[in-house]
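So this block is structure.txt, compact mmCIF, all heavy atoms:
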# COMPACT_ATOMS: atom_id res chain seq x y z
N MET A 1255 45.77 156.68 109.85
CA MET A 1255 45.66 155.58 108.92
C MET A 1255 46.25 154.33 109.56
O MET A 1255 47.38 154.32 110.01
CB MET A 1255 46.43 155.92 107.65
CG MET A 1255 46.47 154.80 106.66
SD MET A 1255 47.40 155.32 105.21
CE MET A 1255 47.86 153.74 104.61
N THR A 1256 45.47 153.30 109.61
CA THR A 1256 45.96 152.04 110.14
C THR A 1256 46.07 151.03 109.00
O THR A 1256 45.34 151.11 108.03
CB THR A 1256 45.03 151.49 111.24
OG1 THR A 1256 43.74 151.32 110.68
CG2 THR A 1256 44.97 152.44 112.42
N LEU A 1257 46.99 150.10 109.14
CA LEU A 1257 47.24 149.15 108.07
C LEU A 1257 46.75 147.75 108.38
O LEU A 1257 46.67 146.93 107.49
CB LEU A 1257 48.74 149.11 107.76
CG LEU A 1257 49.33 150.43 107.30
CD1 LEU A 1257 50.82 150.29 107.07
CD2 LEU A 1257 48.65 150.91 106.03
N ALA A 1258 46.44 147.47 109.61
CA ALA A 1258 45.98 146.13 109.97
C ALA A 1258 44.48 146.17 110.24
O ALA A 1258 43.96 147.11 110.79
CB ALA A 1258 46.73 145.65 111.20
N THR A 1259 43.78 145.12 109.81
CA THR A 1259 42.35 145.05 110.08
C THR A 1259 42.08 144.30 111.37
O THR A 1259 40.98 144.35 111.88
CB THR A 1259 41.62 144.35 108.92
OG1 THR A 1259 42.19 143.07 108.72
CG2 THR A 1259 41.76 145.17 107.64
N GLN A 1260 43.07 143.62 111.89
CA GLN A 1260 42.93 142.92 113.16
C GLN A 1260 43.98 143.44 114.13
O GLN A 1260 45.00 143.97 113.73
CB GLN A 1260 43.09 141.42 112.97
CG GLN A 1260 44.45 141.01 112.45
CD GLN A 1260 44.54 139.52 112.21
OE1 GLN A 1260 43.57 138.81 112.36
NE2 GLN A 1260 45.69 139.06 111.83
N LYS A 1261 43.72 143.30 115.40
CA LYS A 1261 44.66 143.75 116.42
C LYS A 1261 45.86 142.82 116.46
O LYS A 1261 45.72 141.61 116.41
CB LYS A 1261 43.97 143.77 117.79
CG LYS A 1261 42.72 144.63 117.85
CD LYS A 1261 43.06 145.99 118.27
CE LYS A 1261 41.77 146.81 118.40
NZ LYS A 1261 42.00 148.17 118.63
N LEU A 1262 47.04 143.41 116.53
CA LEU A 1262 48.27 142.64 116.60
C LEU A 1262 48.76 142.57 118.04
O LEU A 1262 48.59 143.51 118.80
CB LEU A 1262 49.38 143.29 115.75
CG LEU A 1262 49.16 143.39 114.26
CD1 LEU A 1262 50.31 144.12 113.61
CD2 LEU A 1262 49.00 142.02 113.65
N THR A 1263 49.38 141.46 118.38
CA THR A 1263 50.05 141.36 119.66
C THR A 1263 51.43 141.99 119.52
O THR A 1263 51.91 142.25 118.40
CB THR A 1263 50.21 139.90 120.10
OG1 THR A 1263 51.08 139.24 119.19
CG2 THR A 1263 48.87 139.18 120.16
N PHE A 1264 52.10 142.21 120.63
CA PHE A 1264 53.44 142.78 120.59
C PHE A 1264 54.40 141.85 119.85
O PHE A 1264 55.23 142.29 119.07
CB PHE A 1264 53.94 143.07 122.01
CG PHE A 1264 55.28 143.74 122.03
CD1 PHE A 1264 55.43 145.04 121.56
CD2 PHE A 1264 56.39 143.08 122.51
CE1 PHE A 1264 56.67 145.66 121.56
CE2 PHE A 1264 57.63 143.70 122.53
CZ PHE A 1264 57.76 144.99 122.05
N GLU A 1265 54.26 140.55 120.06
CA GLU A 1265 55.11 139.57 119.38
C GLU A 1265 54.89 139.61 117.88
O GLU A 1265 55.84 139.51 117.10
CB GLU A 1265 54.87 138.16 119.94
CG GLU A 1265 55.38 137.95 121.35
CD GLU A 1265 54.47 138.55 122.41
OE1 GLU A 1265 53.27 138.80 122.14
OE2 GLU A 1265 54.97 138.78 123.52
N GLU A 1266 53.63 139.73 117.45
CA GLU A 1266 53.33 139.83 116.02
C GLU A 1266 53.90 141.11 115.43
O GLU A 1266 54.41 141.12 114.30
CB GLU A 1266 51.82 139.77 115.78
CG GLU A 1266 51.21 138.43 116.10
CD GLU A 1266 49.70 138.46 116.11
OE1 GLU A 1266 49.12 139.51 116.47
OE2 GLU A 1266 49.11 137.44 115.74
N TYR A 1267 53.83 142.19 116.19
CA TYR A 1267 54.39 143.47 115.75
C TYR A 1267 55.90 143.36 115.54
O TYR A 1267 56.43 143.83 114.54
CB TYR A 1267 54.07 144.55 116.78
CG TYR A 1267 54.89 145.82 116.65
CD1 TYR A 1267 54.67 146.69 115.60
CD2 TYR A 1267 55.88 146.13 117.57
CE1 TYR A 1267 55.42 147.85 115.47
CE2 TYR A 1267 56.63 147.28 117.46
CZ TYR A 1267 56.39 148.14 116.40
OH TYR A 1267 57.13 149.29 116.27
N LEU A 1268 56.60 142.71 116.47
CA LEU A 1268 58.04 142.55 116.35
C LEU A 1268 58.41 141.72 115.12
O LEU A 1268 59.45 141.94 114.51
CB LEU A 1268 58.61 141.91 117.61
CG LEU A 1268 58.57 142.78 118.87
CD1 LEU A 1268 59.10 141.98 120.06
CD2 LEU A 1268 59.35 144.06 118.69
N ALA A 1269 57.58 140.76 114.76
CA ALA A 1269 57.86 139.89 113.62
C ALA A 1269 57.34 140.45 112.30
O ALA A 1269 57.67 139.93 111.24
CB ALA A 1269 57.23 138.52 113.87
N TYR A 1270 56.57 141.53 112.34
CA TYR A 1270 55.95 142.08 111.13
C TYR A 1270 56.98 142.66 110.18
O TYR A 1270 57.87 143.40 110.58
CB TYR A 1270 54.93 143.16 111.51
CG TYR A 1270 54.22 143.74 110.31
CD1 TYR A 1270 53.19 143.05 109.70
CD2 TYR A 1270 54.60 144.97 109.78
CE1 TYR A 1270 52.54 143.57 108.59
CE2 TYR A 1270 53.96 145.50 108.67
CZ TYR A 1270 52.94 144.79 108.08
OH TYR A 1270 52.30 145.31 106.98
N ASP A 1271 56.85 142.33 108.90
CA ASP A 1271 57.71 142.88 107.86
C ASP A 1271 56.90 142.95 106.57
O ASP A 1271 56.46 141.92 106.05
CB ASP A 1271 58.95 142.00 107.66
CG ASP A 1271 59.89 142.54 106.59
OD1 ASP A 1271 59.76 143.72 106.20
OD2 ASP A 1271 60.76 141.78 106.16
N ASP A 1272 56.68 144.17 106.07
CA ASP A 1272 55.90 144.32 104.85
C ASP A 1272 56.78 144.45 103.61
O ASP A 1272 56.29 144.70 102.52
CB ASP A 1272 54.93 145.49 104.95
CG ASP A 1272 55.62 146.84 105.06
OD1 ASP A 1272 56.86 146.87 105.16
OD2 ASP A 1272 54.92 147.87 105.06
N GLY A 1273 58.10 144.30 103.79
CA GLY A 1273 59.00 144.34 102.67
C GLY A 1273 59.40 145.74 102.23
O GLY A 1273 60.06 145.91 101.21
N THR A 1274 58.99 146.76 102.99
CA THR A 1274 59.37 148.13 102.66
C THR A 1274 60.24 148.68 103.79
O THR A 1274 60.45 148.03 104.81
CB THR A 1274 58.13 149.04 102.51
OG1 THR A 1274 57.49 149.18 103.78
CG2 THR A 1274 57.13 148.46 101.52
N ASP A 1275 60.72 149.89 103.61
CA ASP A 1275 61.51 150.56 104.65
C ASP A 1275 60.64 151.38 105.60
O ASP A 1275 61.16 152.08 106.46
CB ASP A 1275 62.55 151.48 104.01
CG ASP A 1275 63.66 150.70 103.34
OD1 ASP A 1275 63.89 149.54 103.73
OD2 ASP A 1275 64.31 151.25 102.43
N THR A 1276 59.32 151.29 105.44
CA THR A 1276 58.41 152.04 106.30
C THR A 1276 58.50 151.53 107.73
O THR A 1276 58.48 150.32 107.97
CB THR A 1276 56.96 151.90 105.81
OG1 THR A 1276 56.90 152.31 104.45
CG2 THR A 1276 56.00 152.73 106.64
N ARG A 1277 58.61 152.46 108.66
CA ARG A 1277 58.66 152.10 110.08
C ARG A 1277 57.27 152.32 110.67
O ARG A 1277 56.57 153.27 110.32
CB ARG A 1277 59.69 152.95 110.81
CG ARG A 1277 61.09 152.66 110.29
CD ARG A 1277 62.11 153.50 110.96
NE ARG A 1277 62.11 153.22 112.40
CZ ARG A 1277 62.79 153.89 113.29
NH1 ARG A 1277 63.53 154.92 112.92
NH2 ARG A 1277 62.75 153.58 114.55
N TYR A 1278 56.85 151.43 111.56
CA TYR A 1278 55.53 151.48 112.16
C TYR A 1278 55.64 151.52 113.67
O TYR A 1278 56.60 151.03 114.25
CB TYR A 1278 54.71 150.25 111.77
CG TYR A 1278 54.46 150.12 110.29
CD1 TYR A 1278 55.29 149.34 109.50
CD2 TYR A 1278 53.40 150.77 109.70
CE1 TYR A 1278 55.07 149.22 108.14
CE2 TYR A 1278 53.17 150.66 108.34
CZ TYR A 1278 54.00 149.88 107.56
OH TYR A 1278 53.79 149.77 106.22
N GLU A 1279 54.62 152.09 114.29
CA GLU A 1279 54.48 151.97 115.74
C GLU A 1279 53.18 151.23 115.99
O GLU A 1279 52.28 151.23 115.16
CB GLU A 1279 54.51 153.33 116.43
CG GLU A 1279 53.48 154.32 115.96
CD GLU A 1279 53.68 155.67 116.60
OE1 GLU A 1279 54.13 155.74 117.75
OE2 GLU A 1279 53.37 156.67 115.95
N LEU A 1280 53.11 150.58 117.12
CA LEU A 1280 51.93 149.81 117.49
C LEU A 1280 51.10 150.64 118.46
O LEU A 1280 51.55 150.99 119.54
CB LEU A 1280 52.36 148.49 118.15
CG LEU A 1280 51.27 147.48 118.45
CD1 LEU A 1280 50.64 146.98 117.15
CD2 LEU A 1280 51.83 146.32 119.25
N VAL A 1281 49.87 150.98 118.04
CA VAL A 1281 48.98 151.80 118.86
C VAL A 1281 47.68 151.02 119.05
O VAL A 1281 46.95 150.78 118.09
CB VAL A 1281 48.69 153.16 118.18
CG1 VAL A 1281 47.73 153.99 119.02
CG2 VAL A 1281 49.98 153.92 117.92
N ASP A 1282 47.43 150.63 120.26
CA ASP A 1282 46.23 149.85 120.59
C ASP A 1282 46.06 148.65 119.67
O ASP A 1282 44.96 148.36 119.20
CB ASP A 1282 44.99 150.75 120.54
CG ASP A 1282 44.98 151.81 121.61
OD1 ASP A 1282 45.51 151.54 122.71
OD2 ASP A 1282 44.46 152.91 121.36
N GLY A 1283 47.16 147.98 119.36
CA GLY A 1283 47.11 146.78 118.54
C GLY A 1283 47.08 147.03 117.04
O GLY A 1283 46.97 146.09 116.27
N GLU A 1284 47.15 148.28 116.61
CA GLU A 1284 47.09 148.60 115.19
C GLU A 1284 48.39 149.24 114.73
O GLU A 1284 49.01 150.01 115.46
CB GLU A 1284 45.92 149.56 114.91
CG GLU A 1284 44.58 148.95 115.25
CD GLU A 1284 43.42 149.90 114.98
OE1 GLU A 1284 43.68 151.05 114.57
OE2 GLU A 1284 42.29 149.50 115.20
N LEU A 1285 48.81 148.91 113.51
CA LEU A 1285 50.03 149.49 112.95
C LEU A 1285 49.76 150.89 112.44
O LEU A 1285 48.80 151.12 111.71
CB LEU A 1285 50.52 148.64 111.78
CG LEU A 1285 51.03 147.25 112.12
CD1 LEU A 1285 51.38 146.51 110.84
CD2 LEU A 1285 52.22 147.32 113.04
N VAL A 1286 50.60 151.83 112.83
CA VAL A 1286 50.48 153.20 112.38
C VAL A 1286 51.85 153.60 111.81
O VAL A 1286 52.86 153.51 112.50
CB VAL A 1286 50.11 154.15 113.55
CG1 VAL A 1286 50.03 155.59 113.08
CG2 VAL A 1286 48.81 153.71 114.19
N PRO A 1287 51.88 154.02 110.52
CA PRO A 1287 53.17 154.41 109.94
C PRO A 1287 53.75 155.62 110.67
O PRO A 1287 53.03 156.55 111.01
CB PRO A 1287 52.85 154.76 108.50
CG PRO A 1287 51.42 154.49 108.29
CD PRO A 1287 50.79 154.15 109.59
N MET A 1288 55.05 155.58 110.91
CA MET A 1288 55.72 156.69 111.57
C MET A 1288 56.11 157.72 110.51
O MET A 1288 56.55 157.35 109.42
CB MET A 1288 56.96 156.19 112.31
CG MET A 1288 56.62 155.24 113.44
SD MET A 1288 58.06 154.52 114.23
CE MET A 1288 58.81 155.93 114.97
N SER A 1289 55.98 158.99 110.85
CA SER A 1289 56.35 160.04 109.91
C SER A 1289 57.86 160.16 109.84
O SER A 1289 58.58 159.81 110.77
CB SER A 1289 55.74 161.37 110.33
OG SER A 1289 56.23 161.75 111.59
N LEU A 1290 58.34 160.64 108.70
CA LEU A 1290 59.76 160.87 108.53
C LEU A 1290 60.15 162.15 109.24
O LEU A 1290 59.34 163.05 109.44
CB LEU A 1290 60.10 160.98 107.04
CG LEU A 1290 59.79 159.75 106.21
CD1 LEU A 1290 60.06 160.04 104.74
CD2 LEU A 1290 60.62 158.57 106.68
N GLY A 1291 61.40 162.27 109.59
CA GLY A 1291 61.90 163.47 110.23
C GLY A 1291 61.88 164.65 109.27
O GLY A 1291 61.88 164.48 108.06
N THR A 1292 61.86 165.85 109.82
CA THR A 1292 61.87 167.05 108.99
C THR A 1292 63.10 167.88 109.33
O THR A 1292 63.73 167.70 110.37
CB THR A 1292 60.61 167.89 109.23
OG1 THR A 1292 60.53 168.23 110.61
CG2 THR A 1292 59.35 167.13 108.83
N GLY A 1293 63.45 168.78 108.46
CA GLY A 1293 64.57 169.68 108.69
C GLY A 1293 65.87 168.93 108.82
O GLY A 1293 66.14 167.98 108.09
N LYS A 1294 66.70 169.35 109.76
CA LYS A 1294 68.02 168.72 109.96
C LYS A 1294 67.88 167.27 110.38
O LYS A 1294 68.67 166.42 109.99
CB LYS A 1294 68.82 169.49 111.00
CG LYS A 1294 69.31 170.83 110.52
CD LYS A 1294 70.16 171.51 111.58
CE LYS A 1294 70.65 172.85 111.09
NZ LYS A 1294 71.47 173.53 112.11
N HIS A 1295 66.87 166.98 111.17
CA HIS A 1295 66.65 165.59 111.61
C HIS A 1295 66.39 164.70 110.41
O HIS A 1295 66.96 163.60 110.30
CB HIS A 1295 65.48 165.54 112.60
CG HIS A 1295 65.28 164.19 113.21
ND1 HIS A 1295 64.21 163.41 112.93
CD2 HIS A 1295 66.03 163.50 114.09
CE1 HIS A 1295 64.29 162.28 113.61
NE2 HIS A 1295 65.39 162.31 114.32
N GLY A 1296 65.55 165.13 109.48
CA GLY A 1296 65.27 164.36 108.28
C GLY A 1296 66.49 164.19 107.41
O GLY A 1296 66.70 163.14 106.80
N ALA A 1297 67.33 165.23 107.31
CA ALA A 1297 68.56 165.15 106.51
C ALA A 1297 69.51 164.12 107.09
O ALA A 1297 70.14 163.35 106.35
CB ALA A 1297 69.22 166.52 106.44
N ILE A 1298 69.63 164.08 108.40
CA ILE A 1298 70.51 163.10 109.04
C ILE A 1298 69.97 161.69 108.81
O ILE A 1298 70.73 160.78 108.48
CB ILE A 1298 70.65 163.40 110.56
CG1 ILE A 1298 71.40 164.71 110.76
CG2 ILE A 1298 71.32 162.25 111.28
CD1 ILE A 1298 71.39 165.24 112.17
N ILE A 1299 68.67 161.50 108.95
CA ILE A 1299 68.08 160.19 108.71
C ILE A 1299 68.32 159.74 107.28
O ILE A 1299 68.65 158.59 107.03
CB ILE A 1299 66.56 160.20 109.02
CG1 ILE A 1299 66.34 160.38 110.52
CG2 ILE A 1299 65.88 158.94 108.52
CD1 ILE A 1299 64.89 160.61 110.89
N GLY A 1300 68.20 160.67 106.33
CA GLY A 1300 68.42 160.35 104.93
C GLY A 1300 69.84 159.90 104.65
O GLY A 1300 70.08 159.04 103.80
N LYS A 1301 70.79 160.44 105.36
CA LYS A 1301 72.19 160.06 105.15
C LYS A 1301 72.52 158.72 105.81
O LYS A 1301 73.47 158.07 105.41
CB LYS A 1301 73.12 161.15 105.67
CG LYS A 1301 73.04 162.40 104.83
CD LYS A 1301 74.03 163.44 105.28
CE LYS A 1301 73.78 164.73 104.55
NZ LYS A 1301 74.54 164.85 103.34
N LEU A 1302 71.75 158.36 106.83
CA LEU A 1302 71.99 157.07 107.49
C LEU A 1302 71.49 155.96 106.62
O LEU A 1302 71.95 154.90 106.53
CB LEU A 1302 71.29 157.02 108.86
CG LEU A 1302 71.83 157.98 109.90
CD1 LEU A 1302 70.98 157.88 111.16
CD2 LEU A 1302 73.27 157.67 110.23

What's the structure tokens form of this structure?
Amino acid sequence: MTLATQKLTFEEYLAYDDGTDTRYELVDGELVPMSLGTGKHGAIIGKL
């Protein structure tokens, strides 16, 4: 699932903020939401 309809530059990606806590990675110019950690990793992230 991609969220951008146009390709983003790296600078645009760094400045992007959708107002949520969702983290994204830039793949071929498109924003892709990063999955949350699972198991112990997810529990640690939740406490941070």

DSSP alpha helix (DSSP H) selection over chain A, as a VMD selection string
chain A and resid 1264 to 1269 1293 to 1301

So the first atom is CA of Ser1289 in chain A and the second is CA of Gly1273 in chain A; what is the distance between them in Å, to one decimal place?
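Spanning CA of Ser1289 in chain A to CA of Gly1273 in chain A is a straight-line distance of 17.5 Å.
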
I need the strand (DSSP E) residues of chain A per DSSP on the backbone, written as a PyMOL selection string.
chain A and resi 1278-1281+1284-1287

From the list A:Gly1300, A:Glu1284, A:Asp1272, A:Leu1290, which residue is nearest Gln1260 in chain A when using all atoms listed in the file?
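Residue with the minimum atom-to-atom distance to Gln1260 in chain A: A:Glu1284.
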
Take CA of Leu1268 in chain A and CA of Leu1285 in chain A and report the distance between them in Å, one decimal.
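Taking CA of Leu1268 in chain A and CA of Leu1285 in chain A, their separation equals 11.1 Å.
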
How big is the axis-aligned box around the listed atoms of range 1272-1285 of chain A once 4 Å is added on each side, and where is its centre? Give both in Å to one decimal, as JSON.
{"center_x": 53.3, "center_y": 150.4, "center_z": 112.0, "size_x": 30.0, "size_y": 20.5, "size_z": 29.5}

Identify the residues within 6 Å of coordinate (64.8, 157.2, 111.8) (same frame as the file), considering all heavy atoms, and give the answer as a PyMOL selection string.
chain A and resi 1277+1295+1299

Which value, in Å to one decimal, gives the distance between CA of Glu1279 in chain A and CA of Ile1298 in chain A?
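Pair CA of Glu1279 in chain A / CA of Ile1298 in chain A returns 20.6 Å.
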